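Below is the file data-v2.cif, which contains mmCIF, C-alpha atoms and all ligand atoms.
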data_upload
#
loop_
_atom_site.label_atom_id
_atom_site.label_comp_id
_atom_site.auth_asym_id
_atom_site.auth_seq_id
_atom_site.Cartn_x
_atom_site.Cartn_y
_atom_site.Cartn_z
CA VAL A 1 0.00 0.00 0.00
CA LYS A 2 1.24 3.52 -0.80
CA LEU A 3 1.12 5.75 2.27
CA LEU A 4 1.77 9.44 2.78
CA ILE A 5 2.73 10.31 6.36
CA LEU A 6 2.41 13.87 7.63
CA GLY A 7 4.48 14.76 10.71
CA PRO A 8 6.91 11.84 10.22
CA THR A 9 9.64 13.47 12.34
CA GLY A 10 7.58 13.68 15.54
CA PRO A 11 7.71 10.83 18.05
CA LEU A 12 4.39 9.34 16.85
CA GLY A 13 5.22 9.91 13.18
CA ARG A 14 8.51 8.02 13.55
CA GLN A 15 6.66 5.02 14.96
CA ILE A 16 4.20 5.09 12.08
CA VAL A 17 7.01 5.30 9.48
CA ALA A 18 8.95 2.43 11.08
CA GLN A 19 5.92 0.15 11.49
CA ALA A 20 4.58 0.94 8.00
CA LEU A 21 7.94 -0.05 6.49
CA ASP A 22 7.96 -3.23 8.61
CA ARG A 23 4.53 -4.08 7.24
CA GLY A 24 5.88 -3.75 3.71
CA HIS A 25 4.14 -0.51 2.74
CA GLU A 26 5.60 2.09 0.38
CA VAL A 27 6.05 5.19 2.48
CA THR A 28 6.31 8.84 1.51
CA ALA A 29 7.27 11.07 4.43
CA PHE A 30 6.25 14.72 4.11
CA ALA A 31 8.65 16.53 6.41
CA ARG A 32 9.31 20.14 7.23
CA SER A 33 12.79 19.15 8.43
CA PRO A 34 13.82 15.99 6.50
CA GLN A 35 17.25 15.94 8.16
CA LYS A 36 15.50 14.86 11.38
CA LEU A 37 14.44 11.61 9.74
CA ASP A 38 17.41 9.28 10.18
CA VAL A 39 15.87 6.26 8.45
CA ASN A 40 17.04 4.79 5.16
CA HIS A 41 14.89 2.22 3.45
CA GLU A 42 14.31 1.26 -0.16
CA HIS A 43 10.56 1.78 0.33
CA LEU A 44 10.90 5.21 1.97
CA ARG A 45 10.77 8.46 0.00
CA VAL A 46 11.18 11.76 1.83
CA LEU A 47 9.66 14.98 0.49
CA GLN A 48 10.38 18.36 2.02
CA GLY A 49 7.51 20.74 2.67
CA ASP A 50 5.74 22.93 5.19
CA ILE A 51 2.07 22.02 5.44
CA LEU A 52 1.18 25.67 6.03
CA ASP A 53 3.14 27.08 3.10
CA ASP A 54 0.83 26.26 0.22
CA GLY A 55 -1.14 23.33 -1.18
CA GLY A 56 1.26 22.84 -4.10
CA THR A 57 3.94 20.70 -2.47
CA LEU A 58 1.39 18.76 -0.47
CA GLU A 59 -0.74 18.02 -3.49
CA ALA A 60 2.29 16.66 -5.33
CA ALA A 61 2.98 14.41 -2.33
CA VAL A 62 -0.66 13.22 -2.22
CA ARG A 63 -0.71 12.24 -5.91
CA GLY A 64 -0.89 8.47 -6.42
CA GLN A 65 -1.18 7.55 -2.73
CA ASP A 66 -3.64 4.97 -1.37
CA ALA A 67 -3.96 6.67 2.00
CA VAL A 68 -2.75 9.61 4.07
CA ILE A 69 -1.91 9.44 7.79
CA SER A 70 -1.46 12.56 9.91
CA ALA A 71 0.65 12.74 13.06
CA LEU A 72 0.92 16.53 12.85
CA GLY A 73 1.21 18.37 16.13
CA VAL A 74 2.92 21.12 18.11
CA GLY A 75 4.93 18.88 20.43
CA GLU A 76 4.62 19.70 24.13
CA SER A 77 3.47 23.27 23.46
CA PHE A 78 0.07 24.52 24.66
CA ARG A 79 -0.05 26.99 21.78
CA SER A 80 -1.63 25.64 18.61
CA ARG A 81 -0.46 28.39 16.27
CA GLY A 82 -3.53 27.33 14.28
CA LEU A 83 -1.69 24.26 12.97
CA ILE A 84 -4.66 21.90 12.72
CA SER A 85 -7.33 24.41 11.71
CA ARG A 86 -5.06 25.72 8.97
CA SER A 87 -3.66 22.43 7.72
CA VAL A 88 -6.83 20.31 7.51
CA PRO A 89 -8.42 22.42 4.73
CA VAL A 90 -5.16 22.13 2.74
CA ILE A 91 -5.00 18.35 3.24
CA VAL A 92 -8.69 17.83 2.38
CA GLN A 93 -8.43 19.95 -0.75
CA ALA A 94 -5.27 18.19 -1.97
CA MET A 95 -6.84 14.75 -1.36
CA GLU A 96 -10.17 15.61 -2.99
CA ARG A 97 -8.40 17.00 -6.03
CA GLN A 98 -6.15 13.96 -6.33
CA ARG A 99 -9.04 11.57 -5.58
CA VAL A 100 -7.24 10.00 -2.64
CA GLN A 101 -10.00 8.94 -0.27
CA ARG A 102 -8.52 7.50 2.88
CA LEU A 103 -7.29 9.70 5.73
CA VAL A 104 -6.42 8.65 9.29
CA PHE A 105 -5.98 11.78 11.38
CA THR A 106 -4.50 11.88 14.88
CA SER A 107 -6.33 14.26 17.18
CA GLY A 108 -6.63 13.78 20.94
CA ILE A 109 -8.89 12.86 23.84
CA ILE A 110 -9.11 16.59 24.70
CA LEU A 111 -11.91 16.69 22.10
CA LYS A 112 -13.95 14.19 24.17
CA LEU A 113 -13.50 15.61 27.66
CA ASP A 114 -16.64 14.00 29.08
CA ALA A 115 -14.88 10.63 28.75
CA VAL A 116 -11.84 11.82 30.75
CA PRO A 117 -11.59 11.22 34.53
CA LEU A 118 -12.07 14.34 36.69
CA ILE A 119 -8.51 15.43 37.55
CA PRO A 120 -6.96 15.15 34.07
CA ARG A 121 -10.15 16.68 32.66
CA LEU A 122 -9.73 19.77 34.86
CA LEU A 123 -6.06 20.07 33.89
CA MET A 124 -6.88 19.77 30.19
CA ARG A 125 -9.65 22.40 30.48
CA LEU A 126 -7.24 24.72 32.18
CA LEU A 127 -4.23 24.30 29.92
CA MET A 128 -5.42 23.14 26.53
CA ARG A 129 -8.16 25.54 25.50
CA ASP A 130 -6.28 26.85 22.52
CA LEU A 131 -5.31 23.35 21.34
CA MET A 132 -8.94 22.21 21.72
CA ARG A 133 -10.32 25.11 19.74
CA ASP A 134 -7.78 24.58 16.97
CA LYS A 135 -8.32 20.82 16.71
CA ARG A 136 -12.11 21.22 16.81
CA ALA A 137 -12.05 23.68 13.91
CA GLY A 138 -9.90 21.28 11.87
CA GLU A 139 -12.15 18.32 12.69
CA ASP A 140 -15.24 20.23 11.56
CA VAL A 141 -13.67 20.60 8.12
CA LEU A 142 -12.67 16.94 8.05
CA ARG A 143 -16.15 15.70 9.05
CA ALA A 144 -17.73 17.88 6.34
CA SER A 145 -15.43 16.44 3.64
CA ARG A 146 -16.18 13.58 1.27
CA LEU A 147 -13.13 11.65 2.44
CA ASP A 148 -13.08 8.24 4.14
CA TRP A 149 -11.69 9.68 7.34
CA THR A 150 -11.01 8.17 10.75
CA LEU A 151 -10.22 10.44 13.69
CA LEU A 152 -8.06 9.04 16.43
CA TYR A 153 -8.40 10.24 20.03
CA PRO A 154 -5.43 8.90 22.00
CA VAL A 155 -5.11 9.56 25.72
CA ARG A 156 -1.76 10.84 27.06
CA LEU A 157 1.01 9.45 24.82
CA THR A 158 4.16 7.73 26.08
CA ASN A 159 7.28 6.50 24.33
CA GLY A 160 6.91 3.06 25.90
CA PRO A 161 7.05 -0.16 23.91
CA GLY A 162 4.22 -1.53 21.81
CA THR A 163 2.15 -3.96 23.83
CA GLY A 164 -0.62 -4.88 21.39
CA ARG A 165 -2.87 -4.92 24.48
CA TYR A 166 -4.54 -1.56 24.04
CA ARG A 167 -8.27 -0.81 24.16
CA TRP A 168 -9.92 1.13 21.36
CA GLY A 169 -13.37 2.04 20.08
CA GLU A 170 -15.88 4.87 19.91
CA ASP A 171 -16.29 4.58 23.69
CA VAL A 172 -13.56 3.34 26.02
CA ALA A 173 -13.89 3.51 29.80
CA LEU A 174 -11.03 5.61 31.25
CA ARG A 175 -9.79 5.75 34.85
CA GLY A 176 -7.05 7.62 36.73
CA PHE A 177 -4.45 9.16 34.45
CA PRO A 178 -4.79 7.02 31.32
CA THR A 179 -1.85 6.65 28.92
CA VAL A 180 -1.04 4.73 25.76
CA SER A 181 2.25 4.23 23.94
CA ARG A 182 2.87 5.83 20.57
CA ALA A 183 3.90 2.38 19.33
CA ASP A 184 0.41 1.06 20.14
CA VAL A 185 -1.24 4.07 18.48
CA ALA A 186 0.82 3.47 15.32
CA ASP A 187 -0.25 -0.18 15.39
CA LEU A 188 -3.94 0.75 15.57
CA ILE A 189 -3.59 3.30 12.76
CA LEU A 190 -1.99 0.79 10.41
CA ALA A 191 -4.37 -2.00 11.41
CA ARG A 192 -7.46 0.14 10.64
CA LEU A 193 -6.22 1.55 7.32
CA ALA A 194 -8.26 -0.73 5.10
CA ASP A 195 -11.10 -1.27 7.58
CA ALA A 196 -14.19 0.33 6.05
CA SER A 197 -16.06 0.00 9.34
CA SER A 198 -13.76 2.69 10.76
CA PHE A 199 -14.60 5.22 8.03
CA GLY A 200 -16.38 8.25 9.45
CA LYS A 201 -15.60 7.09 13.02
CA THR A 202 -13.83 8.69 15.94
CA LEU A 203 -11.80 6.13 17.87
CA VAL A 204 -10.48 6.51 21.40
CA ILE A 205 -7.33 4.50 22.24
CA SER A 206 -5.94 3.79 25.72
CA SER A 207 -3.82 1.10 27.34
N1 LIG A 301 1.43 14.32 23.68
C1 LIG A 301 0.32 13.68 24.03
O1 LIG A 301 0.18 13.18 25.16
C2 LIG A 301 -0.82 13.58 23.07
C3 LIG A 301 -2.03 13.01 23.48
C4 LIG A 301 -3.06 12.85 22.57
C5 LIG A 301 -2.88 13.25 21.25
N2 LIG A 301 -1.72 13.82 20.86
C6 LIG A 301 -1.55 14.19 19.45
O2 LIG A 301 -0.75 13.21 18.81
C7 LIG A 301 -0.08 13.80 17.69
C8 LIG A 301 1.39 13.41 17.70
O3 LIG A 301 2.01 13.89 18.86
P1 LIG A 301 3.57 13.69 19.09
O4 LIG A 301 3.87 14.30 20.42
O5 LIG A 301 3.98 12.27 18.86
O6 LIG A 301 4.21 14.52 17.89
P2 LIG A 301 4.67 16.05 17.78
O7 LIG A 301 5.91 16.28 18.58
O8 LIG A 301 3.53 16.94 18.02
O9 LIG A 301 5.12 16.01 16.22
C9 LIG A 301 4.59 16.89 15.32
C10 LIG A 301 5.00 16.59 13.88
O10 LIG A 301 4.30 17.56 13.08
C11 LIG A 301 5.26 18.22 12.28
N3 LIG A 301 4.85 19.59 11.94
C12 LIG A 301 4.46 20.57 12.80
N4 LIG A 301 4.18 21.69 12.11
C13 LIG A 301 4.38 21.40 10.79
C14 LIG A 301 4.25 22.13 9.59
N5 LIG A 301 3.87 23.42 9.58
N6 LIG A 301 4.53 21.52 8.40
C15 LIG A 301 4.94 20.24 8.37
N7 LIG A 301 5.07 19.48 9.49
C16 LIG A 301 4.80 20.05 10.68
C17 LIG A 301 6.53 18.21 13.10
O11 LIG A 301 7.64 18.50 12.27
P3 LIG A 301 9.05 19.05 12.89
O12 LIG A 301 9.76 17.83 13.40
O13 LIG A 301 9.71 19.69 11.73
O14 LIG A 301 8.68 20.02 13.98
C18 LIG A 301 6.49 16.77 13.62
O15 LIG A 301 6.89 15.87 12.62
C19 LIG A 301 -0.36 15.30 17.80
O16 LIG A 301 -1.45 15.63 16.94
C20 LIG A 301 -0.82 15.48 19.23
O17 LIG A 301 -1.69 16.58 19.40
C21 LIG A 301 -0.67 13.97 21.74
#

Take the structure in this file and express it as structure tokens.
Amino acid sequence: VKLLILGPTGPLGRQIVAQALDRGHEVTAFARSPQKLDVNHEHLRVLQGDILDDGGTLEAAVRGQDAVISALGVGESFRSRGLISRSVPVIVQAMERQRVQRLVFTSGIILKLDAVPLIPRLLMRLLMRDLMRDKRAGEDVLRASRLDWTLLYPVRLTNGPGTGRYRWGEDVALRGFPTVSRADVADLILARLADASSFGKTLVISS
């Protein structure tokens, strides 16, 4: 399968690139800073581009792909700089024009606060307002598109090992301070790629 990965230099993006190559996919990594990607593989192509610059470079990257996966984010910052609300329209337009249907987009559990236990919910409300607003605006554009999208709502991410023993679904019961490893999130993303029952769904994932 031909995959375009957005945000391949972040800690989640790296997991997705590595696992996609392990699964035998043909990977195109769309990176703002390609030098950060220290992987060499005969099935990996790296394209340089800033998602917020213009749709031109992105559209060229989208051409001919079977699916697009986004791990875009602002790292540990609480300031969104409008990344998601500004990039989703560009991604959707490029995909619709190139007739690439499948998009798996990483968002976060902060968009489903009623599922979060009390203490982390209060912390998220306090600290992540700007991130929430930005992600929500991007998701509205995604949901209104004609794409076969899946939104992923991970709980707090860790760099721990893949366990394969994570829980996922539209509703997952959460307790305490839930976490999940990026390796497990990457596994779920790649496992759901061709699963039509996940199209148009928002999936929570937690250990
Ligand atoms: N941290 C958590 O606990 C948590 C929980 C739930 C959900 N999430 C979500 O999970 C996702 C991944 O998080 P993460 O911490 O693994 O990764 P991250 O550190 O947020 O990585 C972000 C990636 O996006 C890229 N990027 C940012 N702005 C860009 C732009 N203008 N053009 C092109 N690329 C751009 C970065 O490139 P550079 O390397 O060049 O900066 C990097 O590859 C994010 O959407 C995050 O909101 C995180």

Closest to Lys36 (chain A) among A:Gln19, A:Gln48, A:Ser70, A:Thr9, using only C-alpha atoms?
A:Thr9

Taking all atoms listed in the file into account, which residues have an atom no farther than 9 Å from ligand LIG 301 (chain A)? I'd like them as a ChimeraX atom specification.
/A:6-15,30-34,36-37,48-53,70-77,83-84,87,105-110,131,135,152-159,179-180,182

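Interatomic distance, CA of Leu4 (chain A) against CA of Gly160 (chain A): 24.5 Å.
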
What is the distance between CA of Val68 (chain A) and CA of Ser207 (chain A), in Å to one decimal?
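Separation of CA of Val68 (chain A) and CA of Ser207 (chain A): 24.8 Å.
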
For Met132 (chain A), which of A:Ser85, A:Thr150, A:Gln93, A:Thr163 is the closest residue, counting all atoms listed in the file?
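When distances to Met132 (chain A) are compared using all atoms listed in the file, the smallest one comes from A:Ser85.
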
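The nearest approach to Leu142 (chain A) among the residues A:Arg79, A:Lys201, A:His41, A:Arg23, with all atoms listed in the file taken into account, belongs to A:Lys201.
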
Dump as a list in words all residues having an atom at most 8 Å from (-0.8, 19.3, -1.7), computed in the file's coordinates with only C-alpha atoms.
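Checked against the point, the hits come out as Asp54, Gly55, Gly56, Thr57, Leu58, Glu59, Ala60, Ala61, Val62, Val90, Ile91, Gln93, Ala94 and Met95 of chain A.
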
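Computed from the coordinates, the CA of Ile119 (chain A) to CA of Val104 (chain A) distance equals 29.1 Å.
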
Would you mind listing what lies within 10 Å of Arg99 (chain A) as a PyMOL selection string, with only C-alpha atoms counted and same-chain residues fewer than 6 positions away left out?
chain A and resi 62-66+93+147

What's the 10 Å shell around Val39 (chain A), counting all atoms listed in the file, without same-chain residues fewer than 4 positions away, as a ChimeraX atom specification?
/A:14,17-18,35,44,46

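Proximity to Leu113 (chain A) was assessed for A:Val204, A:Leu188, A:Ala29, A:Leu151 counting only C-alpha atoms; the smallest distance is recorded for A:Val204.
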
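Taking only C-alpha atoms into account, Ile189 (chain A) lies nearest to A:Arg102 out of the set A:Arg102, A:Arg136, A:Arg175, A:Arg143.
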
Contacts of Gly176 (chain A) at 10 Å (all atoms listed in the file; same-chain gap of 5+ positions) as a PDB file with C-alpha atoms, keeping the file's coordinate frame:
ATOM      1  CA  VAL A 116     -11.840  11.820  30.750  1.00  0.00           C
ATOM      2  CA  PRO A 117     -11.590  11.220  34.530  1.00  0.00           C
ATOM      3  CA  LEU A 118     -12.070  14.340  36.690  1.00  0.00           C
ATOM      4  CA  ILE A 119      -8.510  15.430  37.550  1.00  0.00           C
ATOM      5  CA  PRO A 120      -6.960  15.150  34.070  1.00  0.00           C
TER       6      PRO A 120
END

Between A:Leu103, A:Leu203, A:Leu21, A:Ile16, single out the one closest to Ala183 (chain A), counting all atoms listed in the file.
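Checking each candidate against Ala183 (chain A), we get A:Ile16 as the closest.
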